[in-house]
>>> print(open('start_8.pdb').read())   # PDB, C-alpha atoms
ATOM      1  CA  MET A 190      24.990  18.421   9.623
ATOM      2  CA  VAL A 191      27.062  19.200   6.504
ATOM      3  CA  SER A 192      28.166  15.564   6.226
ATOM      4  CA  THR A 193      24.568  14.378   6.485
ATOM      5  CA  THR A 194      23.479  16.784   3.746
ATOM      6  CA  LEU A 195      26.287  15.668   1.431
ATOM      7  CA  ASN A 196      25.486  12.007   1.956
ATOM      8  CA  THR A 197      21.817  12.714   1.277
ATOM      9  CA  LEU A 198      22.672  14.449  -1.998
ATOM     10  CA  ALA A 199      24.927  11.589  -3.054
ATOM     11  CA  SER A 200      22.152   9.114  -2.299
ATOM     12  CA  SER A 201      19.684  11.310  -4.174
ATOM     13  CA  LEU A 202      21.930  11.269  -7.230
ATOM     14  CA  VAL A 203      21.849   7.479  -7.372
ATOM     15  CA  LEU A 204      18.075   7.523  -6.898
ATOM     16  CA  ILE A 205      17.644  10.080  -9.680
ATOM     17  CA  LEU A 206      19.890   8.065 -11.987
ATOM     18  CA  SER A 207      17.939   4.891 -11.356
ATOM     19  CA  ILE A 208      14.561   6.579 -11.671
ATOM     20  CA  PHE A 209      15.678   8.570 -14.702
ATOM     21  CA  VAL A 210      16.683   5.546 -16.708
ATOM     22  CA  SER A 211      13.404   3.923 -15.693
ATOM     23  CA  ILE A 212      10.828   6.572 -16.468
ATOM     24  CA  HIS A 213      11.948   7.771 -19.912
ATOM     25  CA  PHE A 214      10.481  11.099 -18.785
ATOM     26  CA  GLN A 215       6.802  10.006 -18.609
ATOM     27  CA  VAL A 216       5.609   7.910 -15.676
ATOM     28  CA  THR A 217       2.668   5.636 -16.405
ATOM     29  CA  LYS A 218       2.870   2.864 -13.844
ATOM     30  CA  ALA A 219       4.793   1.795 -10.768
ATOM     31  CA  GLN A 220       6.332  -1.444  -9.663
ATOM     32  CA  GLY A 221       8.184  -1.830  -6.400
ATOM     33  CA  THR A 222       9.547   1.535  -5.270
ATOM     34  CA  GLN A 223      10.356   3.037  -8.675
ATOM     35  CA  PRO A 224       7.976   4.112 -11.455
ATOM     36  CA  ILE A 225       8.491   2.635 -14.912
ATOM     37  CA  VAL A 226       6.805   3.166 -18.240
ATOM     38  CA  LYS A 227       4.743   0.683 -20.153
ATOM     39  CA  GLY A 228       6.998  -1.707 -22.036
ATOM     40  CA  LEU A 229       9.753  -1.845 -19.433
ATOM     41  CA  SER A 230      10.073  -4.697 -16.975
ATOM     42  CA  TRP A 231      12.309  -5.754 -14.118
ATOM     43  CA  THR A 232      12.495  -9.221 -15.728
ATOM     44  CA  PHE A 233      12.442  -8.280 -19.416
ATOM     45  CA  TYR A 234      15.330 -10.510 -20.540
ATOM     46  CA  ASP A 235      14.950 -13.305 -18.010
ATOM     47  CA  SER A 236      13.624 -15.783 -20.567
ATOM     48  CA  ILE A 237      15.224 -14.533 -23.797
ATOM     49  CA  CYS A 238      18.682 -13.433 -22.648
ATOM     50  CA  PRO A 239      19.156 -14.234 -18.961
ATOM     51  CA  ASN A 240      22.913 -13.658 -19.081
ATOM     52  CA  ALA A 241      22.797 -10.179 -20.640
ATOM     53  CA  GLU A 242      23.567  -8.180 -17.518
ATOM     54  CA  SER A 243      26.234 -10.576 -16.265
ATOM     55  CA  ILE A 244      27.981 -10.559 -19.664
ATOM     56  CA  ILE A 245      28.089  -6.765 -19.598
ATOM     57  CA  ARG A 246      29.205  -6.563 -15.982
ATOM     58  CA  ARG A 247      32.028  -9.068 -16.388
ATOM     59  CA  ARG A 248      33.363  -7.296 -19.452
ATOM     60  CA  LEU A 249      33.164  -3.857 -17.852
ATOM     61  CA  GLN A 250      34.963  -5.094 -14.784
ATOM     62  CA  ASN A 251      37.925  -5.916 -17.027
ATOM     63  CA  VAL A 252      37.636  -2.626 -18.923
ATOM     64  CA  PHE A 253      37.612  -0.557 -15.745
ATOM     65  CA  ARG A 254      40.455  -2.543 -14.235
ATOM     66  CA  GLN A 255      42.581  -1.308 -17.135
ATOM     67  CA  ASP A 256      41.175   2.244 -17.233
ATOM     68  CA  ILE A 257      38.819   3.444 -14.507
ATOM     69  CA  GLY A 258      38.454   6.723 -16.390
ATOM     70  CA  GLN A 259      36.066   5.019 -18.809
ATOM     71  CA  VAL A 260      33.312   4.970 -16.175
ATOM     72  CA  ALA A 261      32.701   8.678 -16.675
ATOM     73  CA  GLY A 262      32.644   8.309 -20.448
ATOM     74  CA  LEU A 263      29.912   5.680 -20.310
ATOM     75  CA  LEU A 264      27.843   7.578 -17.757
ATOM     76  CA  ARG A 265      28.015  10.763 -19.817
ATOM     77  CA  LEU A 266      27.167   8.884 -23.013
ATOM     78  CA  HIS A 267      23.988   7.584 -21.399
ATOM     79  CA  PHE A 268      23.073  11.041 -20.102
ATOM     80  CA  HIS A 269      23.512  12.612 -23.534
ATOM     81  CA  ASP A 270      21.406   9.852 -25.071
ATOM     82  CA  CYS A 271      18.527  10.125 -22.624
ATOM     83  CA  PHE A 272      18.235  13.886 -22.380
ATOM     84  CA  VAL A 273      17.670  14.541 -26.071
ATOM     85  CA  GLN A 274      14.821  12.275 -27.197
ATOM     86  CA  GLY A 275      14.720   9.668 -24.481
ATOM     87  CA  CYS A 276      16.881   6.635 -23.718
ATOM     88  CA  ASP A 277      16.702   5.189 -27.223
ATOM     89  CA  GLY A 278      20.347   4.743 -28.196
ATOM     90  CA  SER A 279      20.019   7.397 -30.902
ATOM     91  CA  VAL A 280      23.293   9.033 -29.838
ATOM     92  CA  LEU A 281      25.016   5.891 -31.142
ATOM     93  CA  LEU A 282      23.738   6.350 -34.703
ATOM     94  CA  ASP A 283      25.967   7.676 -37.467
ATOM     95  CA  GLY A 284      24.848  10.473 -39.753
ATOM     96  CA  SER A 285      23.569   9.974 -43.269
ATOM     97  CA  ALA A 286      23.138  11.833 -46.518
ATOM     98  CA  SER A 287      19.980  13.358 -45.069
ATOM     99  CA  GLY A 288      21.854  15.142 -42.313
ATOM    100  CA  PRO A 289      24.309  14.985 -39.418
ATOM    101  CA  SER A 290      23.685  12.720 -36.449
ATOM    102  CA  GLU A 291      23.410  13.584 -32.768
ATOM    103  CA  LYS A 292      27.071  12.590 -32.552
ATOM    104  CA  ASP A 293      27.938  15.581 -34.713
ATOM    105  CA  ALA A 294      26.234  18.161 -32.494
ATOM    106  CA  PRO A 295      28.730  20.338 -30.564
ATOM    107  CA  PRO A 296      27.797  19.022 -27.083
ATOM    108  CA  ASN A 297      28.509  15.467 -28.265
ATOM    109  CA  LEU A 298      31.820  16.110 -29.988
ATOM    110  CA  THR A 299      33.599  15.666 -26.654
ATOM    111  CA  LEU A 300      31.960  12.338 -25.851
ATOM    112  CA  ARG A 301      34.715   9.778 -25.475
ATOM    113  CA  GLN A 302      35.181   7.744 -28.624
ATOM    114  CA  GLN A 303      36.254   4.846 -26.463
ATOM    115  CA  ALA A 304      32.802   4.880 -24.834
ATOM    116  CA  PHE A 305      31.220   4.249 -28.244
ATOM    117  CA  ARG A 306      33.691   1.439 -28.874
ATOM    118  CA  ILE A 307      32.942  -0.141 -25.503
ATOM    119  CA  ILE A 308      29.198  -0.130 -26.212
ATOM    120  CA  GLU A 309      29.817  -1.721 -29.610
ATOM    121  CA  ASP A 310      32.000  -4.386 -28.001
ATOM    122  CA  LEU A 311      29.297  -5.110 -25.416
ATOM    123  CA  ARG A 312      26.673  -5.310 -28.168
ATOM    124  CA  ARG A 313      28.679  -7.916 -30.055
ATOM    125  CA  ARG A 314      29.243 -10.003 -26.938
ATOM    126  CA  VAL A 315      25.597  -9.953 -25.864
ATOM    127  CA  HIS A 316      24.265 -10.621 -29.362
ATOM    128  CA  ARG A 317      26.704 -13.489 -29.811
ATOM    129  CA  ASP A 318      25.217 -15.122 -26.725
ATOM    130  CA  CYS A 319      21.532 -14.323 -27.276
ATOM    131  CA  GLY A 320      20.984 -13.076 -30.780
ATOM    132  CA  ARG A 321      19.792  -9.554 -31.522
ATOM    133  CA  VAL A 322      17.215  -9.375 -28.765
ATOM    134  CA  VAL A 323      18.935  -6.907 -26.432
ATOM    135  CA  SER A 324      18.683  -3.276 -27.502
ATOM    136  CA  CYS A 325      21.665  -0.948 -27.641
ATOM    137  CA  ALA A 326      19.620   1.475 -25.544
ATOM    138  CA  ASP A 327      19.433  -1.112 -22.760
ATOM    139  CA  ILE A 328      23.113  -1.979 -23.109
ATOM    140  CA  THR A 329      23.990   1.710 -22.717
ATOM    141  CA  ALA A 330      21.759   2.004 -19.648
ATOM    142  CA  ILE A 331      23.248  -1.117 -18.044
ATOM    143  CA  ALA A 332      26.765   0.136 -18.761
ATOM    144  CA  ALA A 333      25.973   3.443 -17.043
ATOM    145  CA  ARG A 334      24.571   1.623 -14.020
ATOM    146  CA  ASP A 335      27.651  -0.587 -13.761
ATOM    147  CA  SER A 336      29.897   2.452 -14.170
ATOM    148  CA  VAL A 337      28.398   3.895 -11.001
ATOM    149  CA  LEU A 338      28.953   0.602  -9.199
ATOM    150  CA  PHE A 339      32.561   0.056 -10.278
ATOM    151  CA  SER A 340      33.545   3.637  -9.408
ATOM    152  CA  GLY A 341      32.467   3.171  -5.811
ATOM    153  CA  GLY A 342      28.766   3.957  -5.969
ATOM    154  CA  PRO A 343      25.963   1.580  -5.041
ATOM    155  CA  ASP A 344      24.305  -0.938  -7.307
ATOM    156  CA  TYR A 345      20.673  -0.398  -8.297
ATOM    157  CA  ASP A 346      17.985  -2.366 -10.083
ATOM    158  CA  LEU A 347      17.278  -1.366 -13.651
ATOM    159  CA  PRO A 348      14.064  -2.078 -15.566
ATOM    160  CA  LEU A 349      14.770  -3.068 -19.158
ATOM    161  CA  GLY A 350      13.009  -3.252 -22.485
ATOM    162  CA  ARG A 351      13.970   0.043 -24.156
ATOM    163  CA  ARG A 352      13.582   0.095 -27.924
ATOM    164  CA  ASP A 353      16.330   1.414 -30.140
ATOM    165  CA  GLY A 354      15.468   4.581 -32.002
ATOM    166  CA  LEU A 355      15.683   4.514 -35.779
ATOM    167  CA  THR A 356      16.101   8.264 -36.169
ATOM    168  CA  PHE A 357      18.240  10.822 -34.398
ATOM    169  CA  ALA A 358      17.486  14.315 -33.173
ATOM    170  CA  THR A 359      18.288  17.399 -35.216
ATOM    171  CA  LEU A 360      21.100  19.748 -34.274
ATOM    172  CA  ASN A 361      18.668  22.250 -32.776
ATOM    173  CA  GLU A 362      16.876  19.563 -30.771
ATOM    174  CA  THR A 363      20.170  18.303 -29.399
ATOM    175  CA  LEU A 364      21.344  21.784 -28.435
ATOM    176  CA  ALA A 365      18.022  22.590 -26.787
ATOM    177  CA  ASN A 366      18.139  19.520 -24.559
ATOM    178  CA  LEU A 367      21.772  19.527 -23.415
ATOM    179  CA  PRO A 368      22.431  22.635 -21.300
ATOM    180  CA  PRO A 369      26.055  23.798 -21.641
ATOM    181  CA  PRO A 370      28.476  24.105 -18.701
ATOM    182  CA  SER A 371      28.406  27.890 -19.090
ATOM    183  CA  PHE A 372      24.763  28.051 -17.941
ATOM    184  CA  ASN A 373      24.118  29.684 -14.592
ATOM    185  CA  THR A 374      21.635  28.256 -12.114
ATOM    186  CA  SER A 375      18.656  30.169 -13.498
ATOM    187  CA  LEU A 376      19.245  28.787 -16.981
ATOM    188  CA  ILE A 377      19.935  25.262 -15.704
ATOM    189  CA  LEU A 378      16.774  25.230 -13.590
ATOM    190  CA  ALA A 379      14.688  26.516 -16.497
ATOM    191  CA  SER A 380      16.153  23.937 -18.865
ATOM    192  CA  LEU A 381      15.675  20.957 -16.561
ATOM    193  CA  ALA A 382      12.245  22.099 -15.411
ATOM    194  CA  THR A 383      11.064  21.024 -18.868
ATOM    195  CA  LYS A 384      11.912  17.481 -17.750
ATOM    196  CA  ASN A 385      10.148  17.958 -14.400
ATOM    197  CA  PHE A 386      13.358  18.279 -12.402
ATOM    198  CA  THR A 387      13.091  20.189  -9.126
ATOM    199  CA  PRO A 388      15.993  22.323  -7.827
ATOM    200  CA  THR A 389      16.950  19.463  -5.501
ATOM    201  CA  ASP A 390      16.901  17.053  -8.448
ATOM    202  CA  VAL A 391      19.198  19.391 -10.370
ATOM    203  CA  VAL A 392      21.691  19.577  -7.503
ATOM    204  CA  ALA A 393      21.690  15.798  -7.171
ATOM    205  CA  LEU A 394      22.000  15.171 -10.919
ATOM    206  CA  SER A 395      24.910  17.610 -11.138
ATOM    207  CA  GLY A 396      26.686  15.365  -8.656
ATOM    208  CA  GLY A 397      27.423  13.136 -11.631
ATOM    209  CA  HIS A 398      30.403  15.452 -12.064
ATOM    210  CA  THR A 399      32.024  13.615  -9.181
ATOM    211  CA  ILE A 400      33.780  11.614 -11.915
ATOM    212  CA  GLY A 401      35.145  12.583 -15.300
ATOM    213  CA  ILE A 402      37.053  15.366 -17.004
ATOM    214  CA  GLY A 403      36.322  18.818 -18.362
ATOM    215  CA  HIS A 404      37.748  20.428 -21.469
ATOM    216  CA  CYS A 405      39.474  23.781 -21.058
ATOM    217  CA  THR A 406      37.159  25.446 -23.544
ATOM    218  CA  SER A 407      34.235  24.611 -21.245
ATOM    219  CA  PHE A 408      35.508  26.772 -18.390
ATOM    220  CA  THR A 409      38.287  29.135 -19.528
ATOM    221  CA  ASP A 410      35.739  31.948 -19.722
ATOM    222  CA  ARG A 411      35.978  31.816 -15.915
ATOM    223  CA  LEU A 412      39.743  32.410 -16.107
ATOM    224  CA  TYR A 413      40.216  34.869 -18.979
ATOM    225  CA  PRO A 414      40.343  37.776 -19.320
ATOM    226  CA  ASN A 415      39.404  38.017 -15.636
ATOM    227  CA  GLN A 416      39.087  35.349 -12.980
ATOM    228  CA  ASP A 417      35.563  34.494 -11.855
ATOM    229  CA  SER A 418      35.227  35.919  -8.338
ATOM    230  CA  SER A 419      33.415  32.770  -7.186
ATOM    231  CA  MET A 420      36.500  30.632  -7.947
ATOM    232  CA  ASP A 421      39.156  29.865  -5.344
ATOM    233  CA  LYS A 422      42.354  31.710  -6.292
ATOM    234  CA  THR A 423      44.733  28.768  -5.865
ATOM    235  CA  PHE A 424      42.352  26.541  -7.805
ATOM    236  CA  ALA A 425      42.201  29.130 -10.583
ATOM    237  CA  ASN A 426      45.985  29.443 -10.767
ATOM    238  CA  ASN A 427      46.331  25.676 -11.087
ATOM    239  CA  LEU A 428      43.777  25.675 -13.889
ATOM    240  CA  LYS A 429      45.699  28.413 -15.691
ATOM    241  CA  THR A 430      48.721  26.124 -15.709
ATOM    242  CA  THR A 431      46.651  23.426 -17.402
ATOM    243  CA  CYS A 432      44.857  25.894 -19.677
ATOM    244  CA  PRO A 433      47.308  28.750 -20.372
ATOM    245  CA  THR A 434      45.047  30.374 -22.971
ATOM    246  CA  ARG A 435      41.337  30.684 -23.491
ATOM    247  CA  ASN A 436      41.483  28.306 -26.456
ATOM    248  CA  SER A 437      43.598  25.612 -24.805
ATOM    249  CA  THR A 438      42.640  22.076 -25.780
ATOM    250  CA  SER A 439      43.773  20.291 -22.617
ATOM    251  CA  THR A 440      41.524  18.636 -20.034
ATOM    252  CA  THR A 441      41.391  18.437 -16.265
ATOM    253  CA  VAL A 442      39.414  16.477 -13.695
ATOM    254  CA  LEU A 443      35.969  17.624 -12.608
ATOM    255  CA  ASP A 444      36.490  16.643  -8.970
ATOM    256  CA  ILE A 445      39.959  17.435  -7.634
ATOM    257  CA  ARG A 446      39.491  15.370  -4.465
ATOM    258  CA  SER A 447      38.473  11.980  -5.857
ATOM    259  CA  PRO A 448      38.232  12.255  -9.659
ATOM    260  CA  ASN A 449      37.485   8.597 -10.346
ATOM    261  CA  LYS A 450      35.340   7.784  -7.334
ATOM    262  CA  PHE A 451      31.567   8.083  -7.232
ATOM    263  CA  ASP A 452      31.144   9.887  -3.902
ATOM    264  CA  ASN A 453      30.081  13.218  -2.388
ATOM    265  CA  LYS A 454      33.396  15.062  -2.783
ATOM    266  CA  TYR A 455      31.997  17.040  -5.716
ATOM    267  CA  TYR A 456      29.852  18.926  -3.225
ATOM    268  CA  VAL A 457      32.888  19.533  -1.009
ATOM    269  CA  ASP A 458      34.569  21.072  -4.052
ATOM    270  CA  LEU A 459      31.672  23.487  -4.481
ATOM    271  CA  MET A 460      31.770  24.455  -0.808
ATOM    272  CA  ASN A 461      35.452  25.337  -1.280
ATOM    273  CA  ARG A 462      34.784  27.317  -4.485
ATOM    274  CA  GLN A 463      36.495  24.646  -6.564
ATOM    275  CA  GLY A 464      33.699  23.767  -8.946
ATOM    276  CA  LEU A 465      35.015  23.606 -12.496
ATOM    277  CA  PHE A 466      32.039  24.805 -14.531
ATOM    278  CA  THR A 467      29.778  27.809 -14.044
ATOM    279  CA  SER A 468      26.874  25.365 -13.989
ATOM    280  CA  ASP A 469      28.524  23.622 -11.022
ATOM    281  CA  GLN A 470      29.760  26.455  -8.818
ATOM    282  CA  ASP A 471      26.697  28.641  -9.285
ATOM    283  CA  LEU A 472      24.579  25.925  -7.670
ATOM    284  CA  TYR A 473      26.365  26.597  -4.394
ATOM    285  CA  THR A 474      26.032  30.376  -4.524
ATOM    286  CA  ASP A 475      22.382  30.473  -5.632
ATOM    287  CA  ARG A 476      19.906  30.439  -2.730
ATOM    288  CA  ARG A 477      17.463  28.236  -4.644
ATOM    289  CA  THR A 478      19.911  25.355  -4.720
TER     290      THR A 478
END
>>> encode(input="start_8.pdb", output="structure tokens")
Amino acid sequence: MVSTTLNTLASSLVLILSIFVSIHFQVTKAQGTQPIVKGLSWTFYDSICPNAESIIRRRLQNVFRQDIGQVAGLLRLHFHDCFVQGCDGSVLLDGSASGPSEKDAPPNLTLRQQAFRIIEDLRRRVHRDCGRVVSCADITAIAARDSVLFSGGPDYDLPLGRRDGLTFATLNETLANLPPPSFNTSLILASLATKNFTPTDVVALSGGHTIGIGHCTSFTDRLYPNQDSSMDKTFANNLKTTCPTRNSTSTTVLDIRSPNKFDNKYYVDLMNRQGLFTSDQDLYTDRRT
């Protein structure tokens, strides 16, 4: 029964990812089994850049062969882009004299710089082949999809045609739309309810933490001055070795069982009180999730 539930949640995560990148938060029409908004299409680049997805996939295959850890960086980059003002590539924009960019907001300061460089490399390769017809927003979405695939998750179809944003969100807008890892379940549910996420959706989406790393400063409040009672003692002691003080700048994996594999082991971690963030572990202890 437990295994079936975990597999269902893992499958739900992939479904949510694929639907999420399709709907841009507001569903207006449906095609096939997934709803998409006006302007997106399953065949958007077929006539103007038919090789776009294959160019990206081939390049990422080489990137991940050298460093599989980059899959998490690209997936997180896409998440941080989409959750602020939609999947418009605005997280890629640099700041200007008029103000700081989304990149400069605290939640985005830990985005992997290599992820930005990979997207830029993909942009150059695709534009060299087709001209400037493929948006950076689409390239980021495709890269996230392929990250799931190359880390052991399933492939999924992706409607394309996103337009690149010309402006970026303010600091307050960015903070309001990216719930921090210190949020408990009540705060997470309230935050994601604004995007029409159900509790089940939230649990599935959080499964994205099956890959990637966490910075000590995102969870040391669970270690110091007192250990969070919901955290396994051995797990906590190991974390204290990595993060000996509350302000440690080291990192550790989000999923201790299979840190670079897109699977259901994240949920096994939670069942064993080995979730890294408050926002993770509290999902298991809260009856609503």
>>> closest_residue(input="start_8.pdb", among="A:Ser230, A:Ser287, A:Thr478, A:Asn453", to="Thr399 of chain A", atoms="all atoms listed in the file")
A:Asn453
>>> closest_residue(input="start_8.pdb", among="A:Arg247, A:Lys422, A:Arg462, A:Arg254", to="Ile331 of chain A", atoms="only C-alpha atoms")
A:Arg247
>>> atom_distance(input="start_8.pdb", atom1="atom CA of Ser279 of chain A", atom2="atom CA of Gly262 of chain A")
16.4 Å
>>> closest_residue(input="start_8.pdb", among="A:Ser418, A:Asn426, A:Asn449, A:Ser236", to="Cys319 of chain A", atoms="all atoms listed in the file")
A:Ser236
>>> atom_distance(input="start_8.pdb", atom1="atom CA of Pro388 of chain A", atom2="atom CA of Val457 of chain A")
18.4 Å
>>> resolve_selection(input="start_8.pdb", expression="the PyMOL selection byres ((chain A and resi 407) around 9)", output="ChimeraX atom specification")
/A:369-371,403-406,408-410,465-466
>>> closest_residue(input="start_8.pdb", among="A:Ile237, A:Leu249, A:Leu360, A:Ile307", to="Pro289 of chain A", atoms="only C-alpha atoms")
A:Leu360
>>> closest_residue(input="start_8.pdb", among="A:Leu364, A:Met420, A:Cys325, A:Ile402", to="Leu443 of chain A", atoms="all atoms listed in the file")
A:Ile402
>>> residues_around(input="start_8.pdb", residues="segment 312-314 of chain A", least_positions_apart="6", cutoff="10 Å", atoms="all atoms listed in the file", output="PyMOL selection string")
chain A and resi 241+244-245+248+306+320-321+323-325+327-329
>>> decode(input="start_8.pdb", residues="segment 361-391 of chain A", atoms="N, CA and C atoms", output="PDB file, in the first residue's frame")
ATOM      1  N   ASN A 361       9.357  42.576  -3.857  1.00  0.00           N
ATOM      2  CA  ASN A 361       8.212  42.137  -3.058  1.00  0.00           C
ATOM      3  C   ASN A 361       7.379  41.092  -3.793  1.00  0.00           C
ATOM      4  N   GLU A 362       7.218  41.262  -5.094  1.00  0.00           N
ATOM      5  CA  GLU A 362       6.466  40.279  -5.879  1.00  0.00           C
ATOM      6  C   GLU A 362       7.181  38.934  -5.895  1.00  0.00           C
ATOM      7  N   THR A 363       8.491  38.976  -6.009  1.00  0.00           N
ATOM      8  CA  THR A 363       9.264  37.735  -6.018  1.00  0.00           C
ATOM      9  C   THR A 363       9.161  37.027  -4.676  1.00  0.00           C
ATOM     10  N   LEU A 364       9.323  37.772  -3.597  1.00  0.00           N
ATOM     11  CA  LEU A 364       9.236  37.184  -2.260  1.00  0.00           C
ATOM     12  C   LEU A 364       7.855  36.599  -1.994  1.00  0.00           C
ATOM     13  N   ALA A 365       6.826  37.281  -2.468  1.00  0.00           N
ATOM     14  CA  ALA A 365       5.458  36.837  -2.207  1.00  0.00           C
ATOM     15  C   ALA A 365       5.107  35.549  -2.938  1.00  0.00           C
ATOM     16  N   ASN A 366       5.819  35.256  -4.010  1.00  0.00           N
ATOM     17  CA  ASN A 366       5.456  34.107  -4.844  1.00  0.00           C
ATOM     18  C   ASN A 366       6.388  32.911  -4.710  1.00  0.00           C
ATOM     19  N   LEU A 367       7.435  33.036  -3.909  1.00  0.00           N
ATOM     20  CA  LEU A 367       8.366  31.927  -3.707  1.00  0.00           C
ATOM     21  C   LEU A 367       8.430  31.601  -2.217  1.00  0.00           C
ATOM     22  N   PRO A 368       7.571  30.710  -1.744  1.00  0.00           N
ATOM     23  CA  PRO A 368       7.548  30.388  -0.312  1.00  0.00           C
ATOM     24  C   PRO A 368       8.883  29.816   0.152  1.00  0.00           C
ATOM     25  N   PRO A 369       9.402  30.278   1.281  1.00  0.00           N
ATOM     26  CA  PRO A 369      10.715  29.826   1.752  1.00  0.00           C
ATOM     27  C   PRO A 369      10.654  28.431   2.373  1.00  0.00           C
ATOM     28  N   PRO A 370      11.797  27.761   2.480  1.00  0.00           N
ATOM     29  CA  PRO A 370      11.827  26.411   3.053  1.00  0.00           C
ATOM     30  C   PRO A 370      11.479  26.361   4.532  1.00  0.00           C
ATOM     31  N   SER A 371      11.433  27.511   5.182  1.00  0.00           N
ATOM     32  CA  SER A 371      11.072  27.561   6.602  1.00  0.00           C
ATOM     33  C   SER A 371       9.561  27.554   6.826  1.00  0.00           C
ATOM     34  N   PHE A 372       8.778  27.648   5.759  1.00  0.00           N
ATOM     35  CA  PHE A 372       7.316  27.646   5.892  1.00  0.00           C
ATOM     36  C   PHE A 372       6.836  26.281   6.377  1.00  0.00           C
ATOM     37  N   ASN A 373       5.851  26.313   7.293  1.00  0.00           N
ATOM     38  CA  ASN A 373       5.202  25.063   7.667  1.00  0.00           C
ATOM     39  C   ASN A 373       4.089  24.766   6.673  1.00  0.00           C
ATOM     40  N   THR A 374       3.389  23.659   6.890  1.00  0.00           N
ATOM     41  CA  THR A 374       2.385  23.234   5.915  1.00  0.00           C
ATOM     42  C   THR A 374       1.266  24.250   5.759  1.00  0.00           C
ATOM     43  N   SER A 375       0.823  24.842   6.849  1.00  0.00           N
ATOM     44  CA  SER A 375      -0.263  25.825   6.762  1.00  0.00           C
ATOM     45  C   SER A 375       0.124  26.983   5.852  1.00  0.00           C
ATOM     46  N   LEU A 376       1.340  27.478   6.013  1.00  0.00           N
ATOM     47  CA  LEU A 376       1.793  28.601   5.195  1.00  0.00           C
ATOM     48  C   LEU A 376       2.005  28.187   3.743  1.00  0.00           C
ATOM     49  N   ILE A 377       2.539  26.983   3.535  1.00  0.00           N
ATOM     50  CA  ILE A 377       2.745  26.488   2.170  1.00  0.00           C
ATOM     51  C   ILE A 377       1.412  26.315   1.461  1.00  0.00           C
ATOM     52  N   LEU A 378       0.444  25.707   2.142  1.00  0.00           N
ATOM     53  CA  LEU A 378      -0.867  25.488   1.521  1.00  0.00           C
ATOM     54  C   LEU A 378      -1.530  26.814   1.178  1.00  0.00           C
ATOM     55  N   ALA A 379      -1.425  27.785   2.087  1.00  0.00           N
ATOM     56  CA  ALA A 379      -2.033  29.093   1.836  1.00  0.00           C
ATOM     57  C   ALA A 379      -1.360  29.785   0.657  1.00  0.00           C
ATOM     58  N   SER A 380      -0.044  29.683   0.587  1.00  0.00           N
ATOM     59  CA  SER A 380       0.693  30.321  -0.503  1.00  0.00           C
ATOM     60  C   SER A 380       0.339  29.705  -1.850  1.00  0.00           C
ATOM     61  N   LEU A 381       0.332  28.383  -1.925  1.00  0.00           N
ATOM     62  CA  LEU A 381       0.104  27.722  -3.208  1.00  0.00           C
ATOM     63  C   LEU A 381      -1.372  27.642  -3.568  1.00  0.00           C
ATOM     64  N   ALA A 382      -2.244  27.874  -2.604  1.00  0.00           N
ATOM     65  CA  ALA A 382      -3.673  27.939  -2.922  1.00  0.00           C
ATOM     66  C   ALA A 382      -3.956  29.117  -3.844  1.00  0.00           C
ATOM     67  N   THR A 383      -3.127  30.146  -3.789  1.00  0.00           N
ATOM     68  CA  THR A 383      -3.306  31.299  -4.678  1.00  0.00           C
ATOM     69  C   THR A 383      -3.039  30.924  -6.131  1.00  0.00           C
ATOM     70  N   LYS A 384      -2.399  29.776  -6.341  1.00  0.00           N
ATOM     71  CA  LYS A 384      -2.150  29.280  -7.697  1.00  0.00           C
ATOM     72  C   LYS A 384      -3.007  28.047  -7.977  1.00  0.00           C
ATOM     73  N   ASN A 385      -4.056  27.896  -7.158  1.00  0.00           N
ATOM     74  CA  ASN A 385      -5.032  26.806  -7.331  1.00  0.00           C
ATOM     75  C   ASN A 385      -4.441  25.421  -7.104  1.00  0.00           C
ATOM     76  N   PHE A 386      -3.434  25.323  -6.271  1.00  0.00           N
ATOM     77  CA  PHE A 386      -2.875  24.025  -5.910  1.00  0.00           C
ATOM     78  C   PHE A 386      -3.655  23.432  -4.745  1.00  0.00           C
ATOM     79  N   THR A 387      -4.044  22.176  -4.865  1.00  0.00           N
ATOM     80  CA  THR A 387      -4.680  21.449  -3.776  1.00  0.00           C
ATOM     81  C   THR A 387      -3.594  20.897  -2.856  1.00  0.00           C
ATOM     82  N   PRO A 388      -3.967  20.412  -1.650  1.00  0.00           N
ATOM     83  CA  PRO A 388      -2.956  19.781  -0.791  1.00  0.00           C
ATOM     84  C   PRO A 388      -2.216  18.636  -1.477  1.00  0.00           C
ATOM     85  N   THR A 389      -2.928  17.836  -2.262  1.00  0.00           N
ATOM     86  CA  THR A 389      -2.271  16.745  -2.985  1.00  0.00           C
ATOM     87  C   THR A 389      -1.284  17.289  -4.009  1.00  0.00           C
ATOM     88  N   ASP A 390      -1.671  18.370  -4.691  1.00  0.00           N
ATOM     89  CA  ASP A 390      -0.760  19.011  -5.645  1.00  0.00           C
ATOM     90  C   ASP A 390       0.519  19.470  -4.946  1.00  0.00           C
ATOM     91  N   VAL A 391       0.347  20.045  -3.753  1.00  0.00           N
ATOM     92  CA  VAL A 391       1.494  20.565  -3.010  1.00  0.00           C
ATOM     93  C   VAL A 391       2.447  19.432  -2.637  1.00  0.00           C
TER      94      VAL A 391
END
